[in-house]
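Listing of data11.cif; format and content: mmCIF, C-alpha atoms.
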data_run
loop_
_atom_site.label_atom_id
_atom_site.label_comp_id
_atom_site.auth_asym_id
_atom_site.auth_seq_id
_atom_site.Cartn_x
_atom_site.Cartn_y
_atom_site.Cartn_z
CA MET A 1 0.00 0.00 0.00
CA VAL A 2 1.22 3.49 -0.87
CA ILE A 3 -0.20 6.61 0.79
CA SER A 4 0.60 10.11 -0.49
CA TYR A 5 -0.63 13.53 0.68
CA GLN A 6 -2.01 16.38 -1.42
CA GLY A 7 -2.62 18.87 1.38
CA ILE A 8 -5.49 19.77 3.74
CA GLU A 9 -7.17 16.33 4.11
CA SER A 10 -6.50 14.98 0.62
CA PHE A 11 -4.78 11.62 0.27
CA LYS A 12 -4.21 9.12 -2.51
CA VAL A 13 -4.12 5.49 -1.39
CA THR A 14 -2.99 2.88 -3.91
CA GLN A 15 -2.93 -0.88 -3.57
CA GLY A 16 -1.93 -2.68 -6.76
CA ASP A 17 -4.20 -1.40 -9.54
CA LEU A 18 -6.66 0.13 -7.06
CA THR A 19 -6.66 3.87 -6.28
CA ILE A 20 -8.68 5.51 -3.51
CA ALA A 21 -9.05 9.28 -3.06
CA LEU A 22 -9.76 10.64 0.44
CA ASN A 23 -11.24 14.16 0.68
CA PRO A 24 -9.75 15.46 -2.59
CA VAL A 25 -9.59 19.25 -2.91
CA SER A 26 -12.25 20.63 -5.25
CA LYS A 27 -11.57 22.84 -8.25
CA SER A 28 -13.70 25.50 -6.53
CA SER A 29 -11.43 25.59 -3.46
CA LYS A 30 -9.01 28.49 -3.02
CA HIS A 31 -6.33 25.90 -2.25
CA LYS A 32 -4.36 23.86 -4.77
CA SER A 33 -6.15 20.83 -6.16
CA ILE A 34 -4.59 17.82 -7.85
CA ASN A 35 -6.36 15.87 -10.56
CA PHE A 36 -5.89 12.11 -10.48
CA GLY A 37 -8.12 9.24 -11.46
CA SER A 38 -9.41 7.02 -8.67
CA ASP A 39 -11.59 3.94 -8.46
CA ILE A 40 -13.17 5.13 -5.21
CA THR A 41 -13.60 8.67 -3.91
CA ILE A 42 -14.42 9.13 -0.23
CA ILE A 43 -15.74 12.47 1.02
CA SER A 44 -16.31 13.20 4.70
CA ALA A 45 -17.89 16.67 4.56
CA ASN A 46 -19.48 18.96 1.98
CA HIS A 47 -16.88 21.73 1.69
CA PRO A 48 -14.86 22.81 -1.39
CA ASP A 49 -11.60 21.96 0.40
CA LEU A 50 -12.80 18.38 0.91
CA ASN A 51 -15.36 17.40 -1.75
CA GLY A 52 -13.37 17.36 -5.00
CA GLN A 53 -15.01 14.44 -6.71
CA ASP A 54 -14.76 16.60 -9.83
CA ASN A 55 -11.02 15.86 -9.80
CA THR A 56 -11.10 12.07 -9.50
CA SER A 57 -12.87 10.81 -12.63
CA ARG A 58 -10.96 10.51 -15.89
CA GLY A 59 -12.43 10.15 -19.36
CA GLU A 60 -14.99 7.37 -19.38
CA LYS A 61 -13.79 6.10 -16.01
CA GLU A 62 -16.18 7.32 -13.33
CA SER A 63 -15.01 7.14 -9.74
CA PHE A 64 -17.38 5.47 -7.26
CA VAL A 65 -18.21 8.27 -4.81
CA ILE A 66 -19.03 7.68 -1.14
CA SER A 67 -20.11 10.79 0.75
CA GLY A 68 -22.02 9.70 3.83
CA PRO A 69 -22.70 7.08 6.50
CA GLY A 70 -23.45 3.47 5.57
CA GLU A 71 -21.78 0.21 4.62
CA TYR A 72 -20.24 -0.28 1.20
CA GLU A 73 -18.18 -2.87 -0.61
CA VAL A 74 -16.42 -1.72 -3.76
CA LYS A 75 -13.67 -3.65 -5.56
CA ASP A 76 -13.08 -5.86 -2.50
CA VAL A 77 -12.75 -2.83 -0.22
CA VAL A 78 -15.14 -2.81 2.75
CA ILE A 79 -16.02 0.73 3.82
CA LYS A 80 -18.10 1.76 6.81
CA GLY A 81 -19.16 5.36 7.43
CA PHE A 82 -20.35 6.81 10.73
CA LEU A 83 -22.07 10.16 11.28
CA SER A 84 -20.14 12.76 13.28
CA GLU A 85 -19.80 16.53 13.54
CA SER A 86 -17.68 19.17 11.81
CA GLU A 87 -17.53 22.93 12.25
CA TYR A 88 -15.15 23.51 9.36
CA GLY A 89 -16.55 26.35 7.27
CA GLY A 90 -19.73 26.37 9.37
CA LYS A 91 -21.55 23.64 11.26
CA LYS A 92 -22.12 20.58 9.09
CA PHE A 93 -22.16 16.82 9.13
CA ASN A 94 -18.95 14.82 8.88
CA THR A 95 -18.50 11.13 8.24
CA VAL A 96 -15.84 9.03 9.95
CA TYR A 97 -14.80 6.13 7.73
CA GLN A 98 -13.19 2.77 8.27
CA LEU A 99 -11.68 1.11 5.20
CA SER A 100 -10.61 -2.53 5.20
CA LEU A 101 -8.40 -3.79 2.40
CA GLU A 102 -5.55 -6.24 2.04
CA GLY A 103 -5.80 -7.17 5.72
CA MET A 104 -5.34 -3.59 6.93
CA ASN A 105 -7.82 -1.25 8.61
CA LEU A 106 -7.62 2.47 7.84
CA CYS A 107 -9.62 4.99 9.85
CA PHE A 108 -10.21 8.41 8.29
CA LEU A 109 -11.65 10.96 10.72
CA GLY A 110 -12.20 13.64 8.08
CA ALA A 111 -13.03 17.16 9.27
CA LEU A 112 -14.01 15.97 12.74
CA SER A 113 -14.57 18.72 15.32
CA ASN A 114 -16.05 16.78 18.24
CA PRO A 115 -13.50 14.51 19.96
CA VAL A 116 -16.27 12.42 21.50
CA LEU A 117 -17.27 9.69 19.06
CA SER A 118 -20.57 7.86 19.33
CA PRO A 119 -20.66 4.46 21.07
CA GLU A 120 -21.61 2.84 17.75
CA THR A 121 -18.56 4.33 16.06
CA LEU A 122 -16.19 3.37 18.86
CA GLU A 123 -17.53 -0.17 18.89
CA SER A 124 -16.88 -0.55 15.17
CA LEU A 125 -13.43 1.06 15.05
CA GLU A 126 -11.42 -1.92 16.24
CA ASP A 127 -7.85 -2.85 15.37
CA ILE A 128 -7.00 0.38 13.54
CA ASP A 129 -3.74 0.05 11.67
CA ILE A 130 -3.53 3.56 10.21
CA LEU A 131 -5.40 6.59 11.55
CA PHE A 132 -5.80 9.89 9.68
CA VAL A 133 -6.52 12.69 12.17
CA PRO A 134 -7.16 16.45 11.65
CA ILE A 135 -5.06 18.60 14.00
CA GLY A 136 -5.41 22.22 12.86
CA GLY A 137 -8.24 23.59 14.97
CA ASP A 138 -10.42 26.30 13.35
CA GLY A 139 -13.40 24.01 12.80
CA VAL A 140 -11.64 20.67 13.28
CA LEU A 141 -9.88 19.06 16.24
CA ASP A 142 -7.15 21.11 17.90
CA PRO A 143 -3.72 19.45 18.33
CA ALA A 144 -4.18 18.43 21.97
CA SER A 145 -7.66 16.90 21.59
CA ALA A 146 -6.60 15.31 18.30
CA TYR A 147 -3.69 13.52 19.95
CA LYS A 148 -5.78 12.44 22.94
CA LEU A 149 -8.43 10.92 20.67
CA ALA A 150 -5.81 9.35 18.41
CA VAL A 151 -4.02 7.45 21.18
CA SER A 152 -7.35 6.35 22.69
CA LEU A 153 -8.13 4.57 19.41
CA GLU A 154 -4.83 2.64 19.70
CA PRO A 155 -3.72 2.74 16.05
CA GLY A 156 -0.41 1.41 14.82
CA ILE A 157 0.34 4.57 12.84
CA ILE A 158 -1.06 8.11 13.18
CA ILE A 159 -1.01 10.40 10.13
CA PRO A 160 -1.79 14.05 10.99
CA MET A 161 -3.65 16.17 8.43
CA HIS A 162 -5.40 19.53 8.11
CA PHE A 163 -2.46 21.72 9.09
CA GLY A 164 -0.09 24.09 7.30
CA GLU A 165 -2.20 26.21 4.94
CA VAL A 166 -5.29 25.69 7.08
CA GLY A 167 -5.88 25.89 10.82
CA GLU A 168 -3.48 26.98 13.54
CA LYS A 169 0.02 27.94 12.36
CA LYS A 170 1.93 25.75 14.80
CA ALA A 171 -0.54 22.86 14.90
CA LEU A 172 1.96 20.22 13.79
CA GLU A 173 4.59 21.39 16.25
CA VAL A 174 2.08 21.26 19.12
CA PHE A 175 0.76 17.86 18.00
CA LEU A 176 4.25 16.37 17.93
CA LYS A 177 4.98 17.74 21.40
CA GLU A 178 1.79 16.08 22.64
CA GLY A 179 3.26 12.86 21.28
CA GLY A 180 6.56 13.45 23.03
CA GLU A 181 8.44 14.34 19.86
CA ASP A 182 10.34 17.62 19.50
CA LYS A 183 10.47 17.34 15.73
CA SER A 184 9.53 14.97 12.97
CA GLU A 185 11.11 14.13 9.65
CA SER A 186 8.54 14.21 6.88
CA ILE A 187 8.55 11.50 4.23
CA ASP A 188 7.37 11.79 0.61
CA LYS A 189 4.96 8.87 0.88
CA LEU A 190 4.22 5.92 3.14
CA VAL A 191 4.86 2.54 1.58
CA ILE A 192 3.64 -0.18 3.93
CA LYS A 193 2.54 -3.79 4.15
CA LYS A 194 0.61 -5.53 6.90
CA LYS A 195 3.76 -7.16 8.27
CA ASP A 196 5.39 -3.72 8.65
CA LEU A 197 2.77 -2.78 11.24
CA GLU A 198 3.91 -5.39 13.75
CA GLY A 199 4.97 -3.76 17.01
CA LYS A 200 3.87 -0.26 16.01
CA GLU A 201 1.84 1.60 18.64
CA GLY A 202 0.80 5.16 17.90
CA GLU A 203 3.80 5.99 15.71
CA ILE A 204 3.37 9.44 14.13
CA VAL A 205 4.15 9.65 10.42
CA VAL A 206 4.19 13.08 8.78
CA LEU A 207 3.81 13.10 4.99
CA LYS A 208 5.09 15.85 2.72
CA GLU A 209 2.55 17.55 0.55
CA GLU A 210 2.89 16.63 -3.13
#

Take the structure in the file and give it back as structure tokens.
Amino acid sequence: MVISYQGIESFKVTQGDLTIALNPVSKSSKHKSINFGSDITIISANHPDLNGQDNTSRGEKESFVISGPGEYEVKDVVIKGFLSESEYGGKKFNTVYQLSLEGMNLCFLGALSNPVLSPETLESLEDIDILFVPIGGDGVLDPASAYKLAVSLEPGIIIPMHFGEVGEKKALEVFLKEGGEDKSESIDKLVIKKKDLEGKEGEIVVLKEE
């Protein structure tokens, strides 16, 4: 599995011939958007910075778009969405997703603003291998509450998002200090297999923006 970061909350996840887009930036956003074809597009909240499904279909290939709670199975990927809250760009609904593929569980919190997840969500989010968590404040989780929620979910790897151009200026620095790290070396992309997750407990991985 290869995970790369396009800024804000936008990620490209590839596994073999399969490509998944998480919260791609829309063409109507004031921030940079990247056009790439995906088999599945997952959108957590209806905001131009997060809902760029217009950037993930190519030619005759239409991306399968998931934009709300429910259970889905697309191309052998099992996806579950759970209703939550966001205050990014005004109060709105957000969907927390769990994706299961190739023996790994990914949890994408999206533009989550409330660090208290519903009992139904918590019950379903078991054995998280990789957690994507917003840390920037200003409508999403602030660094301290983001880290507290992240460690409570006991993931193997934590990938912070929604910082830099958006949110609090020093969000990443504060988040890393919460995790006991003075600094972090960013990597271009995360290349990982299930066996690589053995022994990892809450390891923070910072990805460079493409």

* Asked: Could you name the residues that touch region 116-129 of chain A at 6 Å or less, counting only C-alpha atoms, but leaving out those on the same chain fewer than 3 positions away, as JSON, numbers by chain?
  -> {"A": [105, 106, 155, 156]}

* To do: Check what the PyMOL selection byres ((chain A and resi 113) around 10) selects in the file above and give those residues as a VMD selection string.
  => chain A and resid 84 to 88 91 to 94 109 to 112 114 to 116 134 to 135 137 to 142 145 to 146

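Of the listed residues A:Pro160, A:Met104, A:Phe64, A:Gly89, the one whose atoms come nearest to Lys195 (chain A) is A:Met104, with distances taken using only C-alpha atoms.
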
* Hey, what's within 10 Å of Ser29 (chain A) if we count all atoms listed in the file and toss same-chain stuff fewer than 5 positions away? As a PyMOL selection string, please? -> chain A and resi 47-52

* Asked: Could you name the residues that touch region 13-28 of chain A at 7 Å or less, counting only C-alpha atoms, but leaving out those on the same chain fewer than 4 positions away, as a PyMOL selection string?
  -> chain A and resi 1-4+9+33+38-44+48-55

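Residues matched by the PyMOL selection byres ((chain A and resi 99) around 7) in this file: Val77, Val78, Ile79, Lys80, Tyr97, Gln98, Ser100, Leu101, Asn105, Leu106 and Cys107 of chain A.
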
Please enclose the listed atoms of region 144-163 of chain A in an axis-aligned box, pad each side by 5 Å, and write out the centre and the three edge lengths in Å, rounded to one decimal, as AutoDock Vina command-line options.
--center_x -4.0 --center_y 11.6 --center_z 15.5 --size_x 18.8 --size_y 30.3 --size_z 24.8

* Please measure the separation of CA of Glu102 (chain A) and CA of Glu71 (chain A), giving the value in Å to one decimal. => 17.7 Å

* Out of A:Phe108, A:Val166, A:Lys12, A:Tyr147, which residue has the shortest atom-to-atom distance to Lys189 (chain A) when counting all atoms listed in the file? -> A:Lys12

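Atom pair CA of Val133 (chain A) / CA of Glu168 (chain A): separated by 14.7 Å.
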
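Counting only C-alpha atoms and comparing A:Ile192, A:Leu207, A:Val65, A:Ile8, the residue that lies closest to Gly167 (chain A) is A:Ile8.
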
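Distance annotation: of A:Asp76, A:Glu173, A:Glu203, A:Glu178, the residue with the minimal separation from Phe132 (chain A) is A:Glu203; atom set is all atoms listed in the file.
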
* **10 Å contact set for Leu172 (chain A), all atoms listed in the file, chain neighbours under 2 positions out, as an MDAnalysis selection string** => chainID A and resid 135:136 143 160:164 168:170 174:178 183:184 206

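Pairwise distance (CA of Gly199 (chain A), CA of Ile130 (chain A)) equals 13.1 Å.
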
* Hey, what comes out of the PyMOL selection byres ((chain A and resi 68) around 8) on this file? Could you write it as a PyMOL selection string? -> chain A and resi 43-44+66-67+69-70+81-83+94-95

Take the structure in the block and write a file for region 61-95 of chain A, N, CA and C atoms, as a tab-separated table (two decimals), in the first residue's frame.
chain	number	residue	atom	x	y	z
A	61	LYS	N	-13.89	6.77	-17.30
A	61	LYS	CA	-13.79	6.10	-16.01
A	61	LYS	C	-14.37	6.97	-14.90
A	62	GLU	N	-15.53	6.58	-14.41
A	62	GLU	CA	-16.18	7.32	-13.33
A	62	GLU	C	-15.76	6.72	-11.98
A	63	SER	N	-15.37	7.58	-11.08
A	63	SER	CA	-15.01	7.14	-9.74
A	63	SER	C	-16.28	6.84	-8.94
A	64	PHE	N	-16.26	5.78	-8.14
A	64	PHE	CA	-17.38	5.47	-7.26
A	64	PHE	C	-17.28	6.38	-6.04
A	65	VAL	N	-18.27	7.25	-5.85
A	65	VAL	CA	-18.21	8.27	-4.81
A	65	VAL	C	-19.01	7.85	-3.58
A	66	ILE	N	-18.37	7.94	-2.42
A	66	ILE	CA	-19.03	7.68	-1.14
A	66	ILE	C	-18.95	8.97	-0.33
A	67	SER	N	-20.11	9.48	0.08
A	67	SER	CA	-20.11	10.79	0.75
A	67	SER	C	-21.02	10.83	1.97
A	68	GLY	N	-21.19	9.71	2.64
A	68	GLY	CA	-22.02	9.70	3.83
A	68	GLY	C	-22.01	8.37	4.55
A	69	PRO	N	-22.68	8.30	5.69
A	69	PRO	CA	-22.70	7.08	6.50
A	69	PRO	C	-23.30	5.89	5.75
A	70	GLY	N	-22.92	4.69	6.17
A	70	GLY	CA	-23.45	3.47	5.57
A	70	GLY	C	-22.36	2.43	5.44
A	71	GLU	N	-22.74	1.29	4.87
A	71	GLU	CA	-21.78	0.21	4.62
A	71	GLU	C	-21.68	-0.04	3.13
A	72	TYR	N	-20.47	-0.14	2.64
A	72	TYR	CA	-20.24	-0.28	1.20
A	72	TYR	C	-19.17	-1.35	0.97
A	73	GLU	N	-19.26	-1.99	-0.18
A	73	GLU	CA	-18.18	-2.87	-0.61
A	73	GLU	C	-17.94	-2.61	-2.09
A	74	VAL	N	-16.77	-2.10	-2.40
A	74	VAL	CA	-16.42	-1.72	-3.76
A	74	VAL	C	-15.04	-2.28	-4.08
A	75	LYS	N	-14.95	-3.09	-5.13
A	75	LYS	CA	-13.67	-3.65	-5.56
A	75	LYS	C	-12.91	-4.31	-4.41
A	76	ASP	N	-13.63	-5.11	-3.63
A	76	ASP	CA	-13.08	-5.86	-2.50
A	76	ASP	C	-12.63	-4.98	-1.33
A	77	VAL	N	-13.03	-3.72	-1.35
A	77	VAL	CA	-12.75	-2.83	-0.22
A	77	VAL	C	-14.04	-2.67	0.58
A	78	VAL	N	-13.97	-2.97	1.87
A	78	VAL	CA	-15.14	-2.81	2.75
A	78	VAL	C	-15.02	-1.46	3.44
A	79	ILE	N	-16.05	-0.64	3.29
A	79	ILE	CA	-16.02	0.73	3.82
A	79	ILE	C	-17.25	0.94	4.70
A	80	LYS	N	-17.01	1.44	5.90
A	80	LYS	CA	-18.10	1.76	6.81
A	80	LYS	C	-18.00	3.24	7.18
A	81	GLY	N	-19.13	3.94	7.10
A	81	GLY	CA	-19.16	5.36	7.43
A	81	GLY	C	-20.07	5.64	8.61
A	82	PHE	N	-19.61	6.50	9.51
A	82	PHE	CA	-20.35	6.81	10.73
A	82	PHE	C	-20.53	8.32	10.87
A	83	LEU	N	-21.74	8.73	11.18
A	83	LEU	CA	-22.07	10.16	11.28
A	83	LEU	C	-21.35	10.80	12.46
A	84	SER	N	-20.80	11.99	12.22
A	84	SER	CA	-20.14	12.76	13.28
A	84	SER	C	-20.34	14.24	12.97
A	85	GLU	N	-19.60	15.09	13.68
A	85	GLU	CA	-19.80	16.53	13.54
A	85	GLU	C	-18.55	17.22	13.01
A	86	SER	N	-18.76	18.30	12.24
A	86	SER	CA	-17.68	19.17	11.81
A	86	SER	C	-18.15	20.61	11.91
A	87	GLU	N	-17.23	21.49	12.23
A	87	GLU	CA	-17.53	22.93	12.25
A	87	GLU	C	-16.64	23.65	11.25
A	88	TYR	N	-16.04	22.90	10.34
A	88	TYR	CA	-15.15	23.51	9.36
A	88	TYR	C	-15.96	24.24	8.29
A	89	GLY	N	-15.79	25.55	8.23
A	89	GLY	CA	-16.55	26.35	7.27
A	89	GLY	C	-18.02	26.48	7.64
A	90	GLY	N	-18.33	26.34	8.93
A	90	GLY	CA	-19.73	26.37	9.37
A	90	GLY	C	-20.17	24.99	9.81
A	91	LYS	N	-21.13	24.93	10.69
A	91	LYS	CA	-21.55	23.64	11.26
A	91	LYS	C	-22.14	22.74	10.18
A	92	LYS	N	-21.63	21.52	10.10
A	92	LYS	CA	-22.12	20.58	9.09
A	92	LYS	C	-21.86	19.16	9.56
A	93	PHE	N	-22.40	18.22	8.81
A	93	PHE	CA	-22.16	16.82	9.13
A	93	PHE	C	-20.80	16.39	8.60
A	94	ASN	N	-20.20	15.44	9.30
A	94	ASN	CA	-18.95	14.82	8.88
A	94	ASN	C	-19.14	13.31	8.99
A	95	THR	N	-18.45	12.59	8.16
A	95	THR	CA	-18.50	11.13	8.24
A	95	THR	C	-17.12	10.58	8.57
